[in-house]
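Trainee: Pasting final_14.cif below, which is mmCIF, N, CA and C atoms and all ligand atoms.
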```
data_data
#
loop_
_atom_site.label_atom_id
_atom_site.label_comp_id
_atom_site.auth_asym_id
_atom_site.auth_seq_id
_atom_site.Cartn_x
_atom_site.Cartn_y
_atom_site.Cartn_z
N MET Z 1 -5.02 -48.79 -13.10
CA MET Z 1 -5.21 -47.71 -12.14
C MET Z 1 -6.70 -47.35 -12.07
N PRO Z 2 -7.25 -47.30 -10.88
CA PRO Z 2 -8.69 -47.01 -10.77
C PRO Z 2 -9.01 -45.59 -11.19
N ALA Z 3 -10.14 -45.42 -11.80
CA ALA Z 3 -10.57 -44.08 -12.20
C ALA Z 3 -11.03 -43.31 -10.98
N ARG Z 4 -10.55 -42.12 -10.84
CA ARG Z 4 -10.96 -41.29 -9.72
C ARG Z 4 -11.49 -39.98 -10.25
N GLU Z 5 -12.52 -39.49 -9.63
CA GLU Z 5 -13.09 -38.22 -10.05
C GLU Z 5 -12.19 -37.07 -9.60
N HIS Z 6 -12.08 -36.09 -10.45
CA HIS Z 6 -11.36 -34.86 -10.10
C HIS Z 6 -9.94 -35.14 -9.64
N PHE Z 7 -9.32 -36.06 -10.30
CA PHE Z 7 -7.95 -36.44 -9.97
C PHE Z 7 -7.01 -35.44 -10.64
N HIS Z 8 -6.24 -34.75 -9.84
CA HIS Z 8 -5.38 -33.72 -10.44
C HIS Z 8 -4.06 -33.62 -9.67
N SER Z 9 -3.21 -32.74 -10.11
CA SER Z 9 -1.90 -32.54 -9.50
C SER Z 9 -1.12 -33.85 -9.42
N VAL Z 10 -1.14 -34.58 -10.51
CA VAL Z 10 -0.47 -35.87 -10.51
C VAL Z 10 1.04 -35.69 -10.61
N MET Z 11 1.75 -36.40 -9.75
CA MET Z 11 3.20 -36.47 -9.88
C MET Z 11 3.62 -37.92 -9.73
N ARG Z 12 4.84 -38.19 -10.11
CA ARG Z 12 5.30 -39.56 -10.16
C ARG Z 12 6.60 -39.72 -9.38
N ILE Z 13 6.65 -40.74 -8.52
CA ILE Z 13 7.88 -41.08 -7.81
C ILE Z 13 8.13 -42.56 -8.05
N GLY Z 14 9.13 -42.86 -8.89
CA GLY Z 14 9.35 -44.26 -9.26
C GLY Z 14 8.11 -44.79 -9.96
N PRO Z 15 7.62 -45.96 -9.54
CA PRO Z 15 6.42 -46.52 -10.19
C PRO Z 15 5.12 -45.96 -9.60
N VAL Z 16 5.25 -45.11 -8.60
CA VAL Z 16 4.07 -44.66 -7.87
C VAL Z 16 3.62 -43.29 -8.36
N GLN Z 17 2.33 -43.18 -8.64
CA GLN Z 17 1.75 -41.89 -8.99
C GLN Z 17 1.00 -41.35 -7.79
N ILE Z 18 1.13 -40.05 -7.60
CA ILE Z 18 0.40 -39.38 -6.52
C ILE Z 18 -0.52 -38.35 -7.14
N GLY Z 19 -1.77 -38.41 -6.74
CA GLY Z 19 -2.73 -37.44 -7.25
C GLY Z 19 -3.62 -36.95 -6.13
N THR Z 20 -4.14 -35.76 -6.31
CA THR Z 20 -5.00 -35.17 -5.30
C THR Z 20 -6.44 -35.18 -5.80
N HIS Z 21 -7.33 -35.57 -4.94
CA HIS Z 21 -8.75 -35.52 -5.31
C HIS Z 21 -9.56 -35.22 -4.06
N ARG Z 22 -10.84 -35.03 -4.26
CA ARG Z 22 -11.71 -34.80 -3.12
C ARG Z 22 -12.61 -36.01 -2.91
N ASP Z 23 -12.76 -36.40 -1.65
CA ASP Z 23 -13.66 -37.51 -1.39
C ASP Z 23 -15.10 -37.00 -1.30
N ARG Z 24 -16.02 -37.91 -0.99
CA ARG Z 24 -17.43 -37.53 -1.02
C ARG Z 24 -17.79 -36.52 0.06
N ALA Z 25 -16.96 -36.42 1.09
CA ALA Z 25 -17.20 -35.45 2.15
C ALA Z 25 -16.58 -34.10 1.82
N GLY Z 26 -15.93 -34.01 0.65
CA GLY Z 26 -15.34 -32.75 0.23
C GLY Z 26 -13.95 -32.51 0.78
N ARG Z 27 -13.39 -33.53 1.44
CA ARG Z 27 -12.04 -33.37 1.97
C ARG Z 27 -11.02 -33.67 0.88
N THR Z 28 -9.90 -33.01 0.96
CA THR Z 28 -8.83 -33.27 0.00
C THR Z 28 -8.07 -34.52 0.42
N VAL Z 29 -7.93 -35.44 -0.51
CA VAL Z 29 -7.24 -36.69 -0.24
C VAL Z 29 -6.08 -36.83 -1.22
N HIS Z 30 -4.94 -37.22 -0.70
CA HIS Z 30 -3.77 -37.45 -1.53
C HIS Z 30 -3.62 -38.96 -1.70
N ALA Z 31 -3.82 -39.41 -2.91
CA ALA Z 31 -3.79 -40.84 -3.18
C ALA Z 31 -2.47 -41.21 -3.82
N ALA Z 32 -1.85 -42.27 -3.31
CA ALA Z 32 -0.64 -42.83 -3.92
C ALA Z 32 -1.03 -44.16 -4.53
N VAL Z 33 -0.71 -44.31 -5.81
CA VAL Z 33 -1.11 -45.53 -6.54
C VAL Z 33 0.10 -46.06 -7.29
N CYS Z 34 0.41 -47.33 -7.06
CA CYS Z 34 1.50 -47.96 -7.80
C CYS Z 34 0.99 -48.36 -9.17
N THR Z 35 1.76 -48.03 -10.20
CA THR Z 35 1.33 -48.31 -11.56
C THR Z 35 1.87 -49.63 -12.09
N ALA Z 36 2.66 -50.33 -11.29
CA ALA Z 36 3.17 -51.63 -11.74
C ALA Z 36 2.01 -52.62 -11.88
N ASP Z 37 2.05 -53.39 -12.98
CA ASP Z 37 0.91 -54.22 -13.34
C ASP Z 37 0.41 -55.13 -12.23
N ARG Z 38 1.28 -55.89 -11.60
CA ARG Z 38 0.82 -56.90 -10.65
C ARG Z 38 0.92 -56.47 -9.21
N CYS Z 39 1.21 -55.22 -8.99
CA CYS Z 39 1.36 -54.74 -7.61
C CYS Z 39 0.00 -54.38 -7.02
N GLY Z 40 -0.65 -53.38 -7.59
CA GLY Z 40 -1.98 -53.02 -7.14
C GLY Z 40 -2.02 -52.24 -5.85
N TRP Z 41 -0.88 -51.79 -5.37
CA TRP Z 41 -0.83 -51.05 -4.12
C TRP Z 41 -1.40 -49.64 -4.31
N SER Z 42 -2.22 -49.23 -3.36
CA SER Z 42 -2.68 -47.85 -3.35
C SER Z 42 -3.09 -47.48 -1.93
N ALA Z 43 -2.98 -46.20 -1.63
CA ALA Z 43 -3.35 -45.74 -0.30
C ALA Z 43 -3.70 -44.26 -0.36
N ASP Z 44 -4.55 -43.86 0.54
CA ASP Z 44 -4.94 -42.46 0.63
C ASP Z 44 -4.30 -41.81 1.84
N TYR Z 45 -3.90 -40.56 1.69
CA TYR Z 45 -3.26 -39.82 2.78
C TYR Z 45 -3.89 -38.44 2.90
N THR Z 46 -3.79 -37.90 4.09
CA THR Z 46 -4.40 -36.59 4.32
C THR Z 46 -3.45 -35.45 3.99
N SER Z 47 -2.18 -35.75 3.80
CA SER Z 47 -1.26 -34.69 3.42
C SER Z 47 -0.39 -35.16 2.26
N ARG Z 48 0.03 -34.20 1.46
CA ARG Z 48 0.82 -34.53 0.28
C ARG Z 48 2.18 -35.09 0.66
N SER Z 49 2.76 -34.55 1.73
CA SER Z 49 4.08 -35.02 2.14
C SER Z 49 4.02 -36.47 2.61
N ALA Z 50 2.92 -36.84 3.26
CA ALA Z 50 2.77 -38.22 3.69
C ALA Z 50 2.66 -39.15 2.49
N ALA Z 51 1.94 -38.72 1.48
CA ALA Z 51 1.80 -39.53 0.27
C ALA Z 51 3.15 -39.66 -0.44
N GLN Z 52 3.91 -38.58 -0.46
CA GLN Z 52 5.23 -38.64 -1.12
C GLN Z 52 6.18 -39.56 -0.37
N LEU Z 53 6.11 -39.49 0.96
CA LEU Z 53 6.97 -40.36 1.76
C LEU Z 53 6.61 -41.83 1.52
N ALA Z 54 5.32 -42.11 1.47
CA ALA Z 54 4.87 -43.48 1.23
C ALA Z 54 5.31 -43.95 -0.15
N ALA Z 55 5.27 -43.05 -1.13
CA ALA Z 55 5.69 -43.41 -2.48
C ALA Z 55 7.18 -43.73 -2.51
N ARG Z 56 7.96 -42.94 -1.80
CA ARG Z 56 9.41 -43.17 -1.81
C ARG Z 56 9.78 -44.45 -1.09
N THR Z 57 9.03 -44.81 -0.08
CA THR Z 57 9.38 -45.98 0.71
C THR Z 57 8.63 -47.23 0.26
N HIS Z 58 7.78 -47.08 -0.73
CA HIS Z 58 7.02 -48.25 -1.22
C HIS Z 58 7.97 -49.28 -1.81
N ARG Z 59 7.82 -50.50 -1.33
CA ARG Z 59 8.62 -51.58 -1.89
C ARG Z 59 7.73 -52.40 -2.79
N CYS Z 60 7.98 -52.29 -4.06
CA CYS Z 60 7.11 -52.94 -5.02
C CYS Z 60 7.34 -54.44 -5.03
N LYS Z 61 6.25 -55.19 -4.91
CA LYS Z 61 6.34 -56.65 -4.92
C LYS Z 61 6.84 -57.17 -6.27
N VAL Z 62 6.53 -56.43 -7.31
CA VAL Z 62 6.83 -56.89 -8.66
C VAL Z 62 8.34 -56.89 -8.92
N ARG Z 63 9.02 -55.91 -8.35
CA ARG Z 63 10.42 -55.73 -8.67
C ARG Z 63 11.34 -56.69 -8.02
ZN ZN A 1 4.29 -51.38 -6.32
#
```
Represent the structure contained in this file as structure tokens.

Mentor:
Amino acid sequence: MPAREHFHSVMRIGPVQIGTHRDRAGRTVHAAVCTADRCGWSADYTSRSAAQLAARTHRCKVR
């Protein structure tokens, strides 16, 4: 999992972790990151609900 600055409010849905951080422009970004070893999927979202939806619908290649 890549190191992110000010990564907080982490929650977990299945293999996917969702955390909130601020990007360099100071905007709040909700990042969804799959923790499965060979998957490597991650994406940033502007809302927490979008990140949660993506986490729930993520189809892990590893599984
Ligand atoms: Zn995955």

Trainee: Using only N, CA and C atoms and all ligand atoms, what are the residues with an atom within 6 Å of ligand ZN 1 (chain A), set out as a list in words?

Mentor: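 So, counting only N, CA and C atoms and all ligand atoms, the residues near ligand ZN 1 (chain A) are Cys34, Thr35, Ala36, Cys39, Gly40, Trp41, Arg59, Cys60, Lys61 and Val62 of chain Z.
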
Trainee: Let me make sure I understand: among Z:Gly26, Z:Thr46, Z:His21, Z:Val33, which one has the smallest atom-to-atom distance to Z:Ser9 if we use only N, CA and C atoms?

Mentor: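 Answer, going by the shortest atom-to-atom distance: Z:His21.
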
Trainee: Between atom CA of Z:Tyr45 and atom CA of Z:Ala31, what distance in Å does the model show, to one decimal?

Mentor: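 Interatomic distance here is 6.1 Å.
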
Trainee: In Å, with one decimal, what is the gap from atom CA of Z:His30 to atom CA of Z:Ser47?

Mentor: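 Those two atoms sit 6.2 Å apart.
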
Trainee: For Z:Val10, which residue among Z:Arg38, Z:Ala43, Z:Asp23, Z:Gln52 is the nearest when counting only C-alpha atoms?

Mentor: Z:Gln52

Trainee: Give me, please, the distance in Å between atom CA of Z:Pro15 and atom CA of Z:Ala32, quoted to one decimal.

Mentor: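 Separation between atom CA of Z:Pro15 and atom CA of Z:Ala32: 10.1 Å.
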
Trainee: Taking only chain Z into account, list the residues labelled strand (DSSP E or B) by DSSP (computed from the backbone), as a PyMOL selection string.

Mentor: chain Z and resi 8-13+16-22+28-34+42-45

Trainee: So which residues touch Z:Arg12 within 8 Å, counting all atoms listed in the file, skipping near sequence neighbours fewer than 6 positions away, as a PDB file with N, CA and C atoms, keeping the file's coordinate frame?

Mentor:
```pdb
ATOM      1  N   ILE Z  18       1.130 -40.050  -7.600  1.00  0.00           N
ATOM      2  CA  ILE Z  18       0.400 -39.380  -6.520  1.00  0.00           C
ATOM      3  C   ILE Z  18      -0.520 -38.350  -7.140  1.00  0.00           C
ATOM      4  N   GLY Z  19      -1.770 -38.410  -6.740  1.00  0.00           N
ATOM      5  CA  GLY Z  19      -2.730 -37.440  -7.250  1.00  0.00           C
ATOM      6  C   GLY Z  19      -3.620 -36.950  -6.130  1.00  0.00           C
ATOM      7  N   ALA Z  55       5.270 -43.050  -1.130  1.00  0.00           N
ATOM      8  CA  ALA Z  55       5.690 -43.410  -2.480  1.00  0.00           C
ATOM      9  C   ALA Z  55       7.180 -43.730  -2.510  1.00  0.00           C
TER      10      ALA Z  55
END
```

Trainee: If you run DSSP on this backbone, which residues of chain Z come out as helix (DSSP H, G or I), and could you give them as a ChimeraX atom specification?

Mentor: /Z:48-57

Trainee: Please, could you write that set of residues out with N, CA and C atoms as a PDB file, in the frame of the given file?

Mentor:
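Below is the file that was written, part_3.pdb:
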```pdb
ATOM      1  N   ARG Z  48       0.030 -34.200   1.460  1.00  0.00           N
ATOM      2  CA  ARG Z  48       0.820 -34.530   0.280  1.00  0.00           C
ATOM      3  C   ARG Z  48       2.180 -35.090   0.660  1.00  0.00           C
ATOM      4  N   SER Z  49       2.760 -34.550   1.730  1.00  0.00           N
ATOM      5  CA  SER Z  49       4.080 -35.020   2.140  1.00  0.00           C
ATOM      6  C   SER Z  49       4.020 -36.470   2.610  1.00  0.00           C
ATOM      7  N   ALA Z  50       2.920 -36.840   3.260  1.00  0.00           N
ATOM      8  CA  ALA Z  50       2.770 -38.220   3.690  1.00  0.00           C
ATOM      9  C   ALA Z  50       2.660 -39.150   2.490  1.00  0.00           C
ATOM     10  N   ALA Z  51       1.940 -38.720   1.480  1.00  0.00           N
ATOM     11  CA  ALA Z  51       1.800 -39.530   0.270  1.00  0.00           C
ATOM     12  C   ALA Z  51       3.150 -39.660  -0.440  1.00  0.00           C
ATOM     13  N   GLN Z  52       3.910 -38.580  -0.460  1.00  0.00           N
ATOM     14  CA  GLN Z  52       5.230 -38.640  -1.120  1.00  0.00           C
ATOM     15  C   GLN Z  52       6.180 -39.560  -0.370  1.00  0.00           C
ATOM     16  N   LEU Z  53       6.110 -39.490   0.960  1.00  0.00           N
ATOM     17  CA  LEU Z  53       6.970 -40.360   1.760  1.00  0.00           C
ATOM     18  C   LEU Z  53       6.610 -41.830   1.520  1.00  0.00           C
ATOM     19  N   ALA Z  54       5.320 -42.110   1.470  1.00  0.00           N
ATOM     20  CA  ALA Z  54       4.870 -43.480   1.230  1.00  0.00           C
ATOM     21  C   ALA Z  54       5.310 -43.950  -0.150  1.00  0.00           C
ATOM     22  N   ALA Z  55       5.270 -43.050  -1.130  1.00  0.00           N
ATOM     23  CA  ALA Z  55       5.690 -43.410  -2.480  1.00  0.00           C
ATOM     24  C   ALA Z  55       7.180 -43.730  -2.510  1.00  0.00           C
ATOM     25  N   ARG Z  56       7.960 -42.940  -1.800  1.00  0.00           N
ATOM     26  CA  ARG Z  56       9.410 -43.170  -1.810  1.00  0.00           C
ATOM     27  C   ARG Z  56       9.780 -44.450  -1.090  1.00  0.00           C
ATOM     28  N   THR Z  57       9.030 -44.810  -0.080  1.00  0.00           N
ATOM     29  CA  THR Z  57       9.380 -45.980   0.710  1.00  0.00           C
ATOM     30  C   THR Z  57       8.630 -47.230   0.260  1.00  0.00           C
TER      31      THR Z  57
END
```

Trainee: Would you compute, for all listed atoms of stretch 44-51 of chain Z, the axis-aligned bounding box grown by 3 Å on each side, and then report its centre and edge lengths in Å rounded to one decimal, as JSON?

Mentor:
```
{"center_x": -0.4, "center_y": -39.0, "center_z": 1.9, "size_x": 15.0, "size_y": 15.7, "size_z": 10.8}
```
